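To be precise, the following lines are target.cif, and they hold mmCIF, N, CA and C atoms.
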```
data_run
loop_
_atom_site.label_atom_id
_atom_site.label_comp_id
_atom_site.auth_asym_id
_atom_site.auth_seq_id
_atom_site.Cartn_x
_atom_site.Cartn_y
_atom_site.Cartn_z
N MET A 1 -8.64 0.12 -47.05
CA MET A 1 -8.22 1.42 -46.59
C MET A 1 -6.87 1.28 -45.90
N LYS A 2 -6.01 2.24 -46.16
CA LYS A 2 -4.68 2.21 -45.53
C LYS A 2 -4.80 2.50 -44.04
N ARG A 3 -3.89 1.93 -43.33
CA ARG A 3 -3.83 2.14 -41.90
C ARG A 3 -2.93 3.32 -41.60
N PHE A 4 -3.24 4.09 -40.52
CA PHE A 4 -2.41 5.22 -40.14
C PHE A 4 -1.12 4.72 -39.52
N VAL A 5 0.00 5.23 -40.02
CA VAL A 5 1.32 4.87 -39.49
C VAL A 5 2.07 6.16 -39.22
N PHE A 6 2.51 6.32 -37.97
CA PHE A 6 3.29 7.50 -37.59
C PHE A 6 4.77 7.13 -37.64
N GLY A 7 5.50 7.82 -38.48
CA GLY A 7 6.91 7.49 -38.69
C GLY A 7 7.80 7.68 -37.48
N LEU A 8 7.36 8.52 -36.55
CA LEU A 8 8.18 8.80 -35.36
C LEU A 8 7.63 8.11 -34.11
N GLU A 9 6.94 7.00 -34.30
CA GLU A 9 6.31 6.31 -33.18
C GLU A 9 7.33 5.85 -32.13
N THR A 10 8.47 5.39 -32.58
CA THR A 10 9.50 4.95 -31.64
C THR A 10 9.98 6.12 -30.79
N LEU A 11 10.21 7.25 -31.43
CA LEU A 11 10.61 8.46 -30.70
C LEU A 11 9.52 8.88 -29.72
N ARG A 12 8.29 8.80 -30.15
CA ARG A 12 7.15 9.15 -29.29
C ARG A 12 7.14 8.27 -28.04
N ARG A 13 7.32 6.98 -28.23
CA ARG A 13 7.32 6.05 -27.09
C ARG A 13 8.49 6.32 -26.14
N LEU A 14 9.65 6.65 -26.71
CA LEU A 14 10.81 6.96 -25.88
C LEU A 14 10.56 8.22 -25.05
N ARG A 15 9.92 9.19 -25.65
CA ARG A 15 9.64 10.44 -24.93
C ARG A 15 8.60 10.23 -23.84
N ILE A 16 7.63 9.38 -24.10
CA ILE A 16 6.65 9.04 -23.07
C ILE A 16 7.35 8.33 -21.91
N GLN A 17 8.25 7.42 -22.26
CA GLN A 17 9.00 6.68 -21.24
C GLN A 17 9.85 7.64 -20.40
N LYS A 18 10.49 8.61 -21.04
CA LYS A 18 11.30 9.59 -20.30
C LYS A 18 10.45 10.40 -19.34
N ARG A 19 9.27 10.81 -19.80
CA ARG A 19 8.37 11.60 -18.94
C ARG A 19 7.93 10.77 -17.73
N ARG A 20 7.57 9.52 -17.98
CA ARG A 20 7.13 8.65 -16.88
C ARG A 20 8.25 8.42 -15.88
N GLU A 21 9.45 8.23 -16.40
CA GLU A 21 10.61 8.04 -15.52
C GLU A 21 10.81 9.28 -14.65
N ALA A 22 10.71 10.46 -15.24
CA ALA A 22 10.88 11.70 -14.48
C ALA A 22 9.78 11.84 -13.43
N GLU A 23 8.55 11.45 -13.79
CA GLU A 23 7.45 11.51 -12.82
C GLU A 23 7.70 10.58 -11.64
N ILE A 24 8.18 9.38 -11.94
CA ILE A 24 8.45 8.41 -10.87
C ILE A 24 9.56 8.91 -9.96
N GLU A 25 10.66 9.37 -10.55
CA GLU A 25 11.78 9.84 -9.75
C GLU A 25 11.40 11.08 -8.93
N LEU A 26 10.62 11.96 -9.53
CA LEU A 26 10.16 13.15 -8.80
C LEU A 26 9.28 12.73 -7.63
N GLY A 27 8.43 11.75 -7.85
CA GLY A 27 7.58 11.25 -6.76
C GLY A 27 8.40 10.67 -5.62
N LYS A 28 9.45 9.92 -5.98
CA LYS A 28 10.31 9.32 -4.95
C LYS A 28 11.03 10.39 -4.12
N ILE A 29 11.61 11.37 -4.82
CA ILE A 29 12.39 12.38 -4.09
C ILE A 29 11.46 13.29 -3.30
N SER A 30 10.26 13.54 -3.81
CA SER A 30 9.29 14.35 -3.06
C SER A 30 8.86 13.63 -1.79
N ALA A 31 8.67 12.32 -1.90
CA ALA A 31 8.31 11.54 -0.71
C ALA A 31 9.44 11.55 0.31
N LEU A 32 10.67 11.46 -0.16
CA LEU A 32 11.82 11.53 0.74
C LEU A 32 11.86 12.88 1.44
N CYS A 33 11.63 13.95 0.71
CA CYS A 33 11.61 15.29 1.31
C CYS A 33 10.54 15.37 2.39
N GLN A 34 9.38 14.81 2.12
CA GLN A 34 8.30 14.82 3.11
C GLN A 34 8.68 14.04 4.36
N GLN A 35 9.37 12.91 4.17
CA GLN A 35 9.81 12.12 5.32
C GLN A 35 10.81 12.90 6.16
N ILE A 36 11.72 13.58 5.50
CA ILE A 36 12.73 14.38 6.23
C ILE A 36 12.04 15.51 6.99
N VAL A 37 11.10 16.18 6.33
CA VAL A 37 10.37 17.28 6.99
C VAL A 37 9.64 16.75 8.22
N GLN A 38 8.99 15.60 8.09
CA GLN A 38 8.27 15.02 9.22
C GLN A 38 9.22 14.66 10.36
N ALA A 39 10.36 14.06 10.02
CA ALA A 39 11.35 13.71 11.04
C ALA A 39 11.88 14.97 11.72
N MET A 40 12.09 16.03 10.95
CA MET A 40 12.57 17.30 11.52
C MET A 40 11.53 17.88 12.49
N GLN A 41 10.25 17.81 12.11
CA GLN A 41 9.20 18.32 12.98
C GLN A 41 9.13 17.53 14.28
N ASP A 42 9.24 16.21 14.16
CA ASP A 42 9.23 15.37 15.36
C ASP A 42 10.41 15.71 16.28
N THR A 43 11.58 15.90 15.67
CA THR A 43 12.77 16.23 16.44
C THR A 43 12.62 17.61 17.09
N GLN A 44 12.10 18.56 16.35
CA GLN A 44 11.89 19.90 16.91
C GLN A 44 10.92 19.86 18.08
N ASN A 45 9.90 19.03 17.97
CA ASN A 45 8.94 18.90 19.07
C ASN A 45 9.61 18.32 20.32
N GLN A 46 10.49 17.34 20.12
CA GLN A 46 11.20 16.76 21.26
C GLN A 46 12.13 17.79 21.90
N ILE A 47 12.80 18.57 21.07
CA ILE A 47 13.71 19.60 21.59
C ILE A 47 12.90 20.67 22.34
N ALA A 48 11.77 21.07 21.76
CA ALA A 48 10.93 22.10 22.37
C ALA A 48 10.37 21.64 23.71
N ALA A 49 10.13 20.34 23.84
CA ALA A 49 9.61 19.82 25.10
C ALA A 49 10.63 19.98 26.22
N GLY A 50 11.91 20.02 25.86
CA GLY A 50 12.97 20.23 26.84
C GLY A 50 13.15 19.05 27.77
N PRO A 51 13.90 19.26 28.83
CA PRO A 51 14.15 18.18 29.79
C PRO A 51 12.84 17.68 30.41
N GLN A 52 12.76 16.39 30.56
CA GLN A 52 11.55 15.77 31.07
C GLN A 52 11.72 15.27 32.51
N THR A 53 12.89 15.37 33.03
CA THR A 53 13.13 14.83 34.37
C THR A 53 13.63 15.93 35.30
N LEU A 54 13.39 15.74 36.55
CA LEU A 54 13.90 16.64 37.58
C LEU A 54 14.97 15.95 38.42
N GLU A 55 15.24 14.70 38.10
CA GLU A 55 16.22 13.91 38.84
C GLU A 55 17.62 14.38 38.45
N PRO A 56 18.46 14.75 39.39
CA PRO A 56 19.80 15.27 39.08
C PRO A 56 20.67 14.28 38.31
N GLU A 57 20.56 12.98 38.57
CA GLU A 57 21.42 12.00 37.89
C GLU A 57 21.03 11.81 36.42
N TRP A 58 19.84 12.21 36.05
CA TRP A 58 19.36 12.05 34.67
C TRP A 58 19.46 13.35 33.85
N ILE A 59 19.61 14.46 34.51
CA ILE A 59 19.63 15.75 33.81
C ILE A 59 20.78 15.83 32.81
N ILE A 60 21.97 15.39 33.19
CA ILE A 60 23.14 15.45 32.29
C ILE A 60 22.91 14.57 31.06
N GLN A 61 22.39 13.36 31.29
CA GLN A 61 22.13 12.47 30.15
C GLN A 61 21.05 13.05 29.24
N GLU A 62 20.05 13.66 29.85
CA GLU A 62 18.98 14.23 29.04
C GLU A 62 19.48 15.44 28.24
N GLN A 63 20.36 16.22 28.83
CA GLN A 63 20.94 17.35 28.10
C GLN A 63 21.80 16.86 26.94
N ALA A 64 22.53 15.79 27.15
CA ALA A 64 23.34 15.21 26.08
C ALA A 64 22.43 14.68 24.96
N TYR A 65 21.31 14.08 25.35
CA TYR A 65 20.35 13.58 24.37
C TYR A 65 19.78 14.74 23.55
N LEU A 66 19.43 15.84 24.20
CA LEU A 66 18.89 17.01 23.49
C LEU A 66 19.95 17.62 22.56
N ALA A 67 21.21 17.59 22.99
CA ALA A 67 22.30 18.10 22.14
C ALA A 67 22.43 17.22 20.89
N ARG A 68 22.32 15.89 21.06
CA ARG A 68 22.35 14.99 19.89
C ARG A 68 21.17 15.24 18.97
N LEU A 69 20.00 15.51 19.55
CA LEU A 69 18.83 15.82 18.73
C LEU A 69 19.07 17.09 17.90
N LYS A 70 19.68 18.09 18.51
CA LYS A 70 19.97 19.33 17.78
C LYS A 70 20.96 19.08 16.65
N SER A 71 21.94 18.25 16.93
CA SER A 71 22.91 17.88 15.89
C SER A 71 22.22 17.12 14.76
N ASN A 72 21.34 16.17 15.13
CA ASN A 72 20.57 15.42 14.14
C ASN A 72 19.68 16.35 13.32
N LEU A 73 19.12 17.35 13.96
CA LEU A 73 18.26 18.30 13.28
C LEU A 73 19.05 19.08 12.22
N GLU A 74 20.26 19.47 12.56
CA GLU A 74 21.12 20.17 11.60
C GLU A 74 21.47 19.26 10.42
N GLN A 75 21.75 18.00 10.72
CA GLN A 75 22.06 17.04 9.67
C GLN A 75 20.85 16.82 8.76
N MET A 76 19.68 16.70 9.34
CA MET A 76 18.46 16.53 8.54
C MET A 76 18.19 17.76 7.68
N ALA A 77 18.48 18.94 8.21
CA ALA A 77 18.29 20.18 7.43
C ALA A 77 19.21 20.16 6.21
N SER A 78 20.42 19.69 6.39
CA SER A 78 21.36 19.58 5.28
C SER A 78 20.87 18.56 4.25
N GLU A 79 20.38 17.41 4.73
CA GLU A 79 19.84 16.39 3.84
C GLU A 79 18.62 16.92 3.08
N LEU A 80 17.79 17.69 3.78
CA LEU A 80 16.60 18.25 3.13
C LEU A 80 17.00 19.22 2.03
N LEU A 81 17.99 20.04 2.31
CA LEU A 81 18.47 20.99 1.30
C LEU A 81 18.98 20.25 0.06
N ASP A 82 19.78 19.21 0.27
CA ASP A 82 20.28 18.41 -0.85
C ASP A 82 19.13 17.74 -1.61
N SER A 83 18.17 17.21 -0.87
CA SER A 83 17.03 16.54 -1.49
C SER A 83 16.17 17.53 -2.28
N ARG A 84 16.02 18.73 -1.75
CA ARG A 84 15.24 19.77 -2.46
C ARG A 84 15.94 20.15 -3.78
N ARG A 85 17.26 20.18 -3.76
CA ARG A 85 18.00 20.46 -5.00
C ARG A 85 17.75 19.37 -6.03
N ILE A 86 17.82 18.13 -5.58
CA ILE A 86 17.56 16.99 -6.48
C ILE A 86 16.12 17.05 -6.99
N GLU A 87 15.21 17.38 -6.09
CA GLU A 87 13.79 17.51 -6.47
C GLU A 87 13.62 18.59 -7.54
N ALA A 88 14.29 19.71 -7.37
CA ALA A 88 14.21 20.80 -8.36
C ALA A 88 14.75 20.33 -9.71
N ASN A 89 15.84 19.57 -9.68
CA ASN A 89 16.40 19.03 -10.93
C ASN A 89 15.41 18.09 -11.62
N TRP A 90 14.74 17.24 -10.84
CA TRP A 90 13.76 16.32 -11.43
C TRP A 90 12.54 17.08 -11.95
N ARG A 91 12.15 18.15 -11.25
CA ARG A 91 11.03 18.97 -11.76
C ARG A 91 11.39 19.58 -13.11
N GLN A 92 12.62 20.04 -13.20
CA GLN A 92 13.10 20.61 -14.46
C GLN A 92 13.15 19.53 -15.55
N ALA A 93 13.64 18.36 -15.20
CA ALA A 93 13.71 17.25 -16.16
C ALA A 93 12.31 16.84 -16.60
N LEU A 94 11.37 16.83 -15.67
CA LEU A 94 9.98 16.48 -16.01
C LEU A 94 9.39 17.52 -16.96
N SER A 95 9.62 18.77 -16.66
CA SER A 95 9.10 19.83 -17.52
C SER A 95 9.66 19.71 -18.94
N PHE A 96 10.96 19.46 -19.05
CA PHE A 96 11.59 19.30 -20.35
C PHE A 96 11.03 18.07 -21.08
N ALA A 97 10.88 16.97 -20.34
CA ALA A 97 10.34 15.73 -20.94
C ALA A 97 8.91 15.95 -21.43
N GLN A 98 8.12 16.69 -20.67
CA GLN A 98 6.75 16.97 -21.09
C GLN A 98 6.74 17.82 -22.37
N GLN A 99 7.64 18.79 -22.44
CA GLN A 99 7.72 19.62 -23.64
C GLN A 99 8.11 18.78 -24.85
N GLN A 100 9.10 17.92 -24.68
CA GLN A 100 9.56 17.08 -25.78
C GLN A 100 8.46 16.12 -26.23
N GLU A 101 7.74 15.56 -25.28
CA GLU A 101 6.64 14.66 -25.61
C GLU A 101 5.54 15.43 -26.36
N GLU A 102 5.24 16.62 -25.90
CA GLU A 102 4.20 17.43 -26.54
C GLU A 102 4.55 17.76 -27.99
N ILE A 103 5.82 18.02 -28.25
CA ILE A 103 6.26 18.32 -29.62
C ILE A 103 5.95 17.14 -30.54
N VAL A 104 6.31 15.94 -30.10
CA VAL A 104 6.08 14.75 -30.93
C VAL A 104 4.58 14.48 -31.05
N GLU A 105 3.83 14.69 -29.96
CA GLU A 105 2.38 14.49 -30.02
C GLU A 105 1.74 15.46 -31.01
N ASN A 106 2.21 16.70 -31.03
CA ASN A 106 1.67 17.67 -31.99
C ASN A 106 1.97 17.25 -33.42
N LEU A 107 3.18 16.74 -33.64
CA LEU A 107 3.53 16.24 -34.97
C LEU A 107 2.63 15.06 -35.36
N ARG A 108 2.41 14.18 -34.41
CA ARG A 108 1.56 13.01 -34.65
C ARG A 108 0.13 13.45 -34.98
N ASP A 109 -0.40 14.39 -34.19
CA ASP A 109 -1.76 14.87 -34.44
C ASP A 109 -1.88 15.52 -35.81
N ALA A 110 -0.89 16.31 -36.16
CA ALA A 110 -0.92 16.97 -37.48
C ALA A 110 -0.87 15.94 -38.60
N GLN A 111 -0.01 14.94 -38.45
CA GLN A 111 0.09 13.89 -39.47
C GLN A 111 -1.21 13.10 -39.55
N TRP A 112 -1.80 12.80 -38.39
CA TRP A 112 -3.05 12.05 -38.39
C TRP A 112 -4.16 12.84 -39.09
N LYS A 113 -4.22 14.14 -38.82
CA LYS A 113 -5.23 14.97 -39.47
C LYS A 113 -5.04 14.99 -40.98
N ARG A 114 -3.80 15.09 -41.44
CA ARG A 114 -3.53 15.06 -42.88
C ARG A 114 -3.93 13.70 -43.47
N TRP A 115 -3.58 12.63 -42.77
CA TRP A 115 -3.93 11.28 -43.22
C TRP A 115 -5.45 11.12 -43.28
N ARG A 116 -6.13 11.56 -42.25
CA ARG A 116 -7.60 11.42 -42.20
C ARG A 116 -8.25 12.22 -43.33
N LYS A 117 -7.74 13.42 -43.58
CA LYS A 117 -8.27 14.25 -44.66
C LYS A 117 -8.08 13.55 -46.01
N ALA A 118 -6.91 12.96 -46.21
CA ALA A 118 -6.65 12.23 -47.45
C ALA A 118 -7.56 11.02 -47.58
N MET A 119 -7.80 10.31 -46.48
CA MET A 119 -8.68 9.14 -46.51
C MET A 119 -10.11 9.56 -46.82
N LEU A 120 -10.56 10.65 -46.22
CA LEU A 120 -11.91 11.14 -46.50
C LEU A 120 -12.05 11.56 -47.96
N LYS A 121 -11.00 12.14 -48.47
CA LYS A 121 -11.00 12.55 -49.87
C LYS A 121 -11.12 11.33 -50.78
N GLU A 122 -10.35 10.27 -50.47
CA GLU A 122 -10.42 9.04 -51.25
C GLU A 122 -11.80 8.41 -51.16
N GLU A 123 -12.35 8.37 -49.94
CA GLU A 123 -13.69 7.80 -49.77
C GLU A 123 -14.72 8.59 -50.58
N GLN A 124 -14.61 9.90 -50.53
CA GLN A 124 -15.55 10.73 -51.27
C GLN A 124 -15.42 10.49 -52.78
N LYS A 125 -14.20 10.32 -53.24
CA LYS A 125 -13.96 10.05 -54.65
C LYS A 125 -14.62 8.73 -55.06
N VAL A 126 -14.49 7.72 -54.20
CA VAL A 126 -15.12 6.42 -54.48
C VAL A 126 -16.64 6.58 -54.51
N LEU A 127 -17.17 7.33 -53.56
CA LEU A 127 -18.62 7.55 -53.52
C LEU A 127 -19.09 8.33 -54.74
N ASP A 128 -18.29 9.29 -55.17
CA ASP A 128 -18.65 10.08 -56.35
C ASP A 128 -18.62 9.23 -57.61
N ASP A 129 -17.74 8.25 -57.65
CA ASP A 129 -17.61 7.39 -58.83
C ASP A 129 -18.68 6.30 -58.87
N LEU A 130 -19.35 6.01 -57.79
CA LEU A 130 -20.36 4.95 -57.75
C LEU A 130 -21.48 5.16 -58.76
N PRO A 131 -22.10 6.33 -58.86
CA PRO A 131 -23.17 6.50 -59.85
C PRO A 131 -22.67 6.31 -61.28
N LYS A 132 -21.45 6.70 -61.57
CA LYS A 132 -20.89 6.53 -62.93
C LYS A 132 -20.73 5.06 -63.24
N ARG A 133 -20.27 4.28 -62.29
CA ARG A 133 -20.07 2.84 -62.50
C ARG A 133 -21.41 2.15 -62.69
N ARG A 134 -22.40 2.59 -61.98
CA ARG A 134 -23.70 1.97 -62.04
C ARG A 134 -24.32 2.18 -63.43
N HIS A 135 -24.17 3.36 -63.97
CA HIS A 135 -24.72 3.66 -65.29
C HIS A 135 -23.99 2.89 -66.39
N LYS A 136 -22.73 2.63 -66.21
CA LYS A 136 -21.97 1.90 -67.23
C LYS A 136 -22.43 0.45 -67.31
N LYS A 137 -22.85 -0.14 -66.19
CA LYS A 137 -23.28 -1.55 -66.17
C LYS A 137 -24.63 -1.72 -66.84
N ILE A 138 -25.44 -0.76 -66.85
CA ILE A 138 -26.78 -0.86 -67.41
C ILE A 138 -26.76 -0.80 -68.88
#
```

Written as structure tokens, how would this file's structure read?
Amino acid sequence: MKRFVFGLETLRRLRIQKRREAEIELGKISALCQQIVQAMQDTQNQIAAGPQTLEPEWIIQEQAYLARLKSNLEQMASELLDSRRIEANWRQALSFAQQQEEIVENLRDAQWKRWRKAMLKEEQKVLDDLPKRRHKKI
């Protein structure tokens, strides 16, 4: 019996590889976004807590520290925005890669079904010919 061979197997493997790459990159950038969000929340909590000392010599330093935290928060917001844009691009790339992979998979499935139908037809033909061969030998 002939073996099933898909002529576009190399293309299929490349498309699977592209999808996996997009999934990995999307996972990385999503994790980065989560880290930035967590850092922003921590910073916001520190800012919301406000000054922690009542000592006059420390109040100026603490206010400067809170001002740096606010500046850092703005910088993190900018980084998050950039990361979200990259994340959106990877989501789009993943969606496209999934569509491209699905197209090749559908072609493969259709070809396999045609091949299987042809093989079943051949097998049936052989089975149908068995009684004729048996009678000829007798």

Restricting to only C-alpha atoms, whichever of A:Asp42, A:Glu57, A:Glu62, A:Glu87 is closest to Gly27 (chain A) is A:Glu87

#### Entry: Selection result for the PyMOL selection byres (((chain A and resi 93 and name CA) around 12) and name CA) on this file, as number ranges by chain
A: 15, 18-26, 86-92, 94-100

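Between CA of Arg116 (chain A) and CA of Phe4 (chain A) the separation is 8.3 Å.
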
All file atoms of region 45-51 of chain A boxed axis-aligned, 5 Å per side, centre plus edges, as lines of an AutoDock Vina configuration file:
```
center_x = 11.5
center_y = 19.4
center_z = 24.2
size_x = 15.2
size_y = 15.3
size_z = 22.4
```

inquiry  = Show me, as an NGL selection string, the residues that have an atom within 8 Å of Leu66 (chain A) when counting only N, CA and C atoms, minus same-chain residues fewer than 6 positions from it.
reply    = :A and (46-47 or 50-51 or 60 or 72)

Let me see the file: selected residues, N, CA and C atoms, as a PDB file, keeping the file's coordinate frame.
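Final output, result-v3.pdb:
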```pdb
ATOM      1  N   GLN A  46      10.490  17.340  20.120  1.00  0.00           N
ATOM      2  CA  GLN A  46      11.200  16.760  21.260  1.00  0.00           C
ATOM      3  C   GLN A  46      12.130  17.790  21.900  1.00  0.00           C
ATOM      4  N   ILE A  47      12.800  18.570  21.070  1.00  0.00           N
ATOM      5  CA  ILE A  47      13.710  19.600  21.590  1.00  0.00           C
ATOM      6  C   ILE A  47      12.900  20.670  22.340  1.00  0.00           C
ATOM      7  N   GLY A  50      11.910  20.020  25.860  1.00  0.00           N
ATOM      8  CA  GLY A  50      12.970  20.230  26.840  1.00  0.00           C
ATOM      9  C   GLY A  50      13.150  19.050  27.770  1.00  0.00           C
ATOM     10  N   PRO A  51      13.900  19.260  28.830  1.00  0.00           N
ATOM     11  CA  PRO A  51      14.150  18.180  29.790  1.00  0.00           C
ATOM     12  C   PRO A  51      12.840  17.680  30.410  1.00  0.00           C
ATOM     13  N   ILE A  60      21.970  15.390  33.190  1.00  0.00           N
ATOM     14  CA  ILE A  60      23.140  15.450  32.290  1.00  0.00           C
ATOM     15  C   ILE A  60      22.910  14.570  31.060  1.00  0.00           C
ATOM     16  N   ASN A  72      21.340  16.170  15.130  1.00  0.00           N
ATOM     17  CA  ASN A  72      20.570  15.420  14.140  1.00  0.00           C
ATOM     18  C   ASN A  72      19.680  16.350  13.320  1.00  0.00           C
TER      19      ASN A  72
END
```

Test item: residues at most 9 Å from Trp112 (chain A), only C-alpha atoms, excluding those fewer than 3 positions along its chain, as a PDB file with N, CA and C atoms, in the coordinates of the input:
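What landed in part-v3.pdb:
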```
ATOM      1  N   PHE A   4      -3.240   4.090 -40.520  1.00  0.00           N
ATOM      2  CA  PHE A   4      -2.410   5.220 -40.140  1.00  0.00           C
ATOM      3  C   PHE A   4      -1.120   4.720 -39.520  1.00  0.00           C
ATOM      4  N   VAL A   5       0.000   5.230 -40.020  1.00  0.00           N
ATOM      5  CA  VAL A   5       1.320   4.870 -39.490  1.00  0.00           C
ATOM      6  C   VAL A   5       2.070   6.160 -39.220  1.00  0.00           C
ATOM      7  N   PHE A   6       2.510   6.320 -37.970  1.00  0.00           N
ATOM      8  CA  PHE A   6       3.290   7.500 -37.590  1.00  0.00           C
ATOM      9  C   PHE A   6       4.770   7.130 -37.640  1.00  0.00           C
ATOM     10  N   LEU A 107       3.180  16.740 -33.640  1.00  0.00           N
ATOM     11  CA  LEU A 107       3.530  16.240 -34.970  1.00  0.00           C
ATOM     12  C   LEU A 107       2.630  15.060 -35.360  1.00  0.00           C
ATOM     13  N   ARG A 108       2.410  14.180 -34.410  1.00  0.00           N
ATOM     14  CA  ARG A 108       1.560  13.010 -34.650  1.00  0.00           C
ATOM     15  C   ARG A 108       0.130  13.450 -34.980  1.00  0.00           C
ATOM     16  N   ASP A 109      -0.400  14.390 -34.190  1.00  0.00           N
ATOM     17  CA  ASP A 109      -1.760  14.870 -34.440  1.00  0.00           C
ATOM     18  C   ASP A 109      -1.880  15.520 -35.810  1.00  0.00           C
ATOM     19  N   TRP A 115      -3.580  12.630 -42.770  1.00  0.00           N
ATOM     20  CA  TRP A 115      -3.930  11.280 -43.220  1.00  0.00           C
ATOM     21  C   TRP A 115      -5.450  11.120 -43.280  1.00  0.00           C
ATOM     22  N   ARG A 116      -6.130  11.560 -42.250  1.00  0.00           N
ATOM     23  CA  ARG A 116      -7.600  11.420 -42.200  1.00  0.00           C
ATOM     24  C   ARG A 116      -8.250  12.220 -43.330  1.00  0.00           C
ATOM     25  N   LYS A 117      -7.740  13.420 -43.580  1.00  0.00           N
ATOM     26  CA  LYS A 117      -8.270  14.250 -44.660  1.00  0.00           C
ATOM     27  C   LYS A 117      -8.080  13.550 -46.010  1.00  0.00           C
TER      28      LYS A 117
END
```

In terms of all atoms listed in the file, the residue from A:Arg3, A:Lys70, A:Lys121, A:Arg85 at minimal distance from Gln44 (chain A) is A:Lys70

Can you give me all heavy atoms for region 54-60 of chain A, written as a PDB file, keeping the file's coordinate frame?
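Writing the result to rebuild38.pdb gives the following:
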```pdb
ATOM      1  N   LEU A  54      13.390  15.740  36.550  1.00  0.00           N
ATOM      2  CA  LEU A  54      13.900  16.640  37.580  1.00  0.00           C
ATOM      3  C   LEU A  54      14.970  15.950  38.420  1.00  0.00           C
ATOM      4  O   LEU A  54      15.516  16.550  39.336  1.00  0.00           O
ATOM      5  CB  LEU A  54      12.751  17.123  38.469  1.00  0.00           C
ATOM      6  CG  LEU A  54      11.652  17.894  37.736  1.00  0.00           C
ATOM      7  CD1 LEU A  54      10.508  18.200  38.689  1.00  0.00           C
ATOM      8  CD2 LEU A  54      12.206  19.170  37.141  1.00  0.00           C
ATOM      9  N   GLU A  55      15.240  14.700  38.100  1.00  0.00           N
ATOM     10  CA  GLU A  55      16.220  13.910  38.840  1.00  0.00           C
ATOM     11  C   GLU A  55      17.620  14.380  38.450  1.00  0.00           C
ATOM     12  O   GLU A  55      17.978  14.392  37.270  1.00  0.00           O
ATOM     13  CB  GLU A  55      16.076  12.426  38.501  1.00  0.00           C
ATOM     14  CG  GLU A  55      14.687  11.895  38.642  1.00  0.00           C
ATOM     15  CD  GLU A  55      14.455  11.243  39.986  1.00  0.00           C
ATOM     16  OE1 GLU A  55      15.423  10.889  40.643  1.00  0.00           O
ATOM     17  OE2 GLU A  55      13.286  11.118  40.351  1.00  0.00           O
ATOM     18  N   PRO A  56      18.460  14.750  39.390  1.00  0.00           N
ATOM     19  CA  PRO A  56      19.800  15.270  39.080  1.00  0.00           C
ATOM     20  C   PRO A  56      20.670  14.280  38.310  1.00  0.00           C
ATOM     21  O   PRO A  56      21.447  14.678  37.442  1.00  0.00           O
ATOM     22  CB  PRO A  56      20.411  15.553  40.448  1.00  0.00           C
ATOM     23  CG  PRO A  56      19.291  15.549  41.421  1.00  0.00           C
ATOM     24  CD  PRO A  56      18.169  14.794  40.800  1.00  0.00           C
ATOM     25  N   GLU A  57      20.560  12.980  38.570  1.00  0.00           N
ATOM     26  CA  GLU A  57      21.420  12.000  37.890  1.00  0.00           C
ATOM     27  C   GLU A  57      21.030  11.810  36.420  1.00  0.00           C
ATOM     28  O   GLU A  57      21.822  11.349  35.626  1.00  0.00           O
ATOM     29  CB  GLU A  57      21.432  10.649  38.631  1.00  0.00           C
ATOM     30  CG  GLU A  57      20.109   9.937  38.698  1.00  0.00           C
ATOM     31  CD  GLU A  57      19.290  10.270  39.960  1.00  0.00           C
ATOM     32  OE1 GLU A  57      19.660  11.156  40.724  1.00  0.00           O
ATOM     33  OE2 GLU A  57      18.265   9.616  40.139  1.00  0.00           O
ATOM     34  N   TRP A  58      19.840  12.210  36.050  1.00  0.00           N
ATOM     35  CA  TRP A  58      19.360  12.050  34.670  1.00  0.00           C
ATOM     36  C   TRP A  58      19.460  13.350  33.850  1.00  0.00           C
ATOM     37  O   TRP A  58      19.409  13.304  32.626  1.00  0.00           O
ATOM     38  CB  TRP A  58      17.906  11.570  34.646  1.00  0.00           C
ATOM     39  CG  TRP A  58      17.772  10.150  35.098  1.00  0.00           C
ATOM     40  CD1 TRP A  58      17.329   9.716  36.303  1.00  0.00           C
ATOM     41  CD2 TRP A  58      18.096   8.991  34.338  1.00  0.00           C
ATOM     42  NE1 TRP A  58      17.351   8.346  36.368  1.00  0.00           N
ATOM     43  CE2 TRP A  58      17.824   7.872  35.155  1.00  0.00           C
ATOM     44  CE3 TRP A  58      18.594   8.757  33.061  1.00  0.00           C
ATOM     45  CZ2 TRP A  58      18.026   6.561  34.739  1.00  0.00           C
ATOM     46  CZ3 TRP A  58      18.784   7.465  32.656  1.00  0.00           C
ATOM     47  CH2 TRP A  58      18.508   6.374  33.489  1.00  0.00           C
ATOM     48  N   ILE A  59      19.610  14.460  34.510  1.00  0.00           N
ATOM     49  CA  ILE A  59      19.630  15.750  33.810  1.00  0.00           C
ATOM     50  C   ILE A  59      20.780  15.830  32.810  1.00  0.00           C
ATOM     51  O   ILE A  59      20.601  16.272  31.669  1.00  0.00           O
ATOM     52  CB  ILE A  59      19.675  16.920  34.817  1.00  0.00           C
ATOM     53  CG1 ILE A  59      18.332  17.017  35.542  1.00  0.00           C
ATOM     54  CG2 ILE A  59      19.998  18.235  34.120  1.00  0.00           C
ATOM     55  CD1 ILE A  59      18.259  18.090  36.590  1.00  0.00           C
ATOM     56  N   ILE A  60      21.970  15.390  33.190  1.00  0.00           N
ATOM     57  CA  ILE A  60      23.140  15.450  32.290  1.00  0.00           C
ATOM     58  C   ILE A  60      22.910  14.570  31.060  1.00  0.00           C
ATOM     59  O   ILE A  60      23.185  14.980  29.935  1.00  0.00           O
ATOM     60  CB  ILE A  60      24.417  15.044  33.037  1.00  0.00           C
ATOM     61  CG1 ILE A  60      24.736  16.089  34.106  1.00  0.00           C
ATOM     62  CG2 ILE A  60      25.592  14.868  32.076  1.00  0.00           C
ATOM     63  CD1 ILE A  60      25.883  15.727  35.018  1.00  0.00           C
TER      64      ILE A  60
END
```
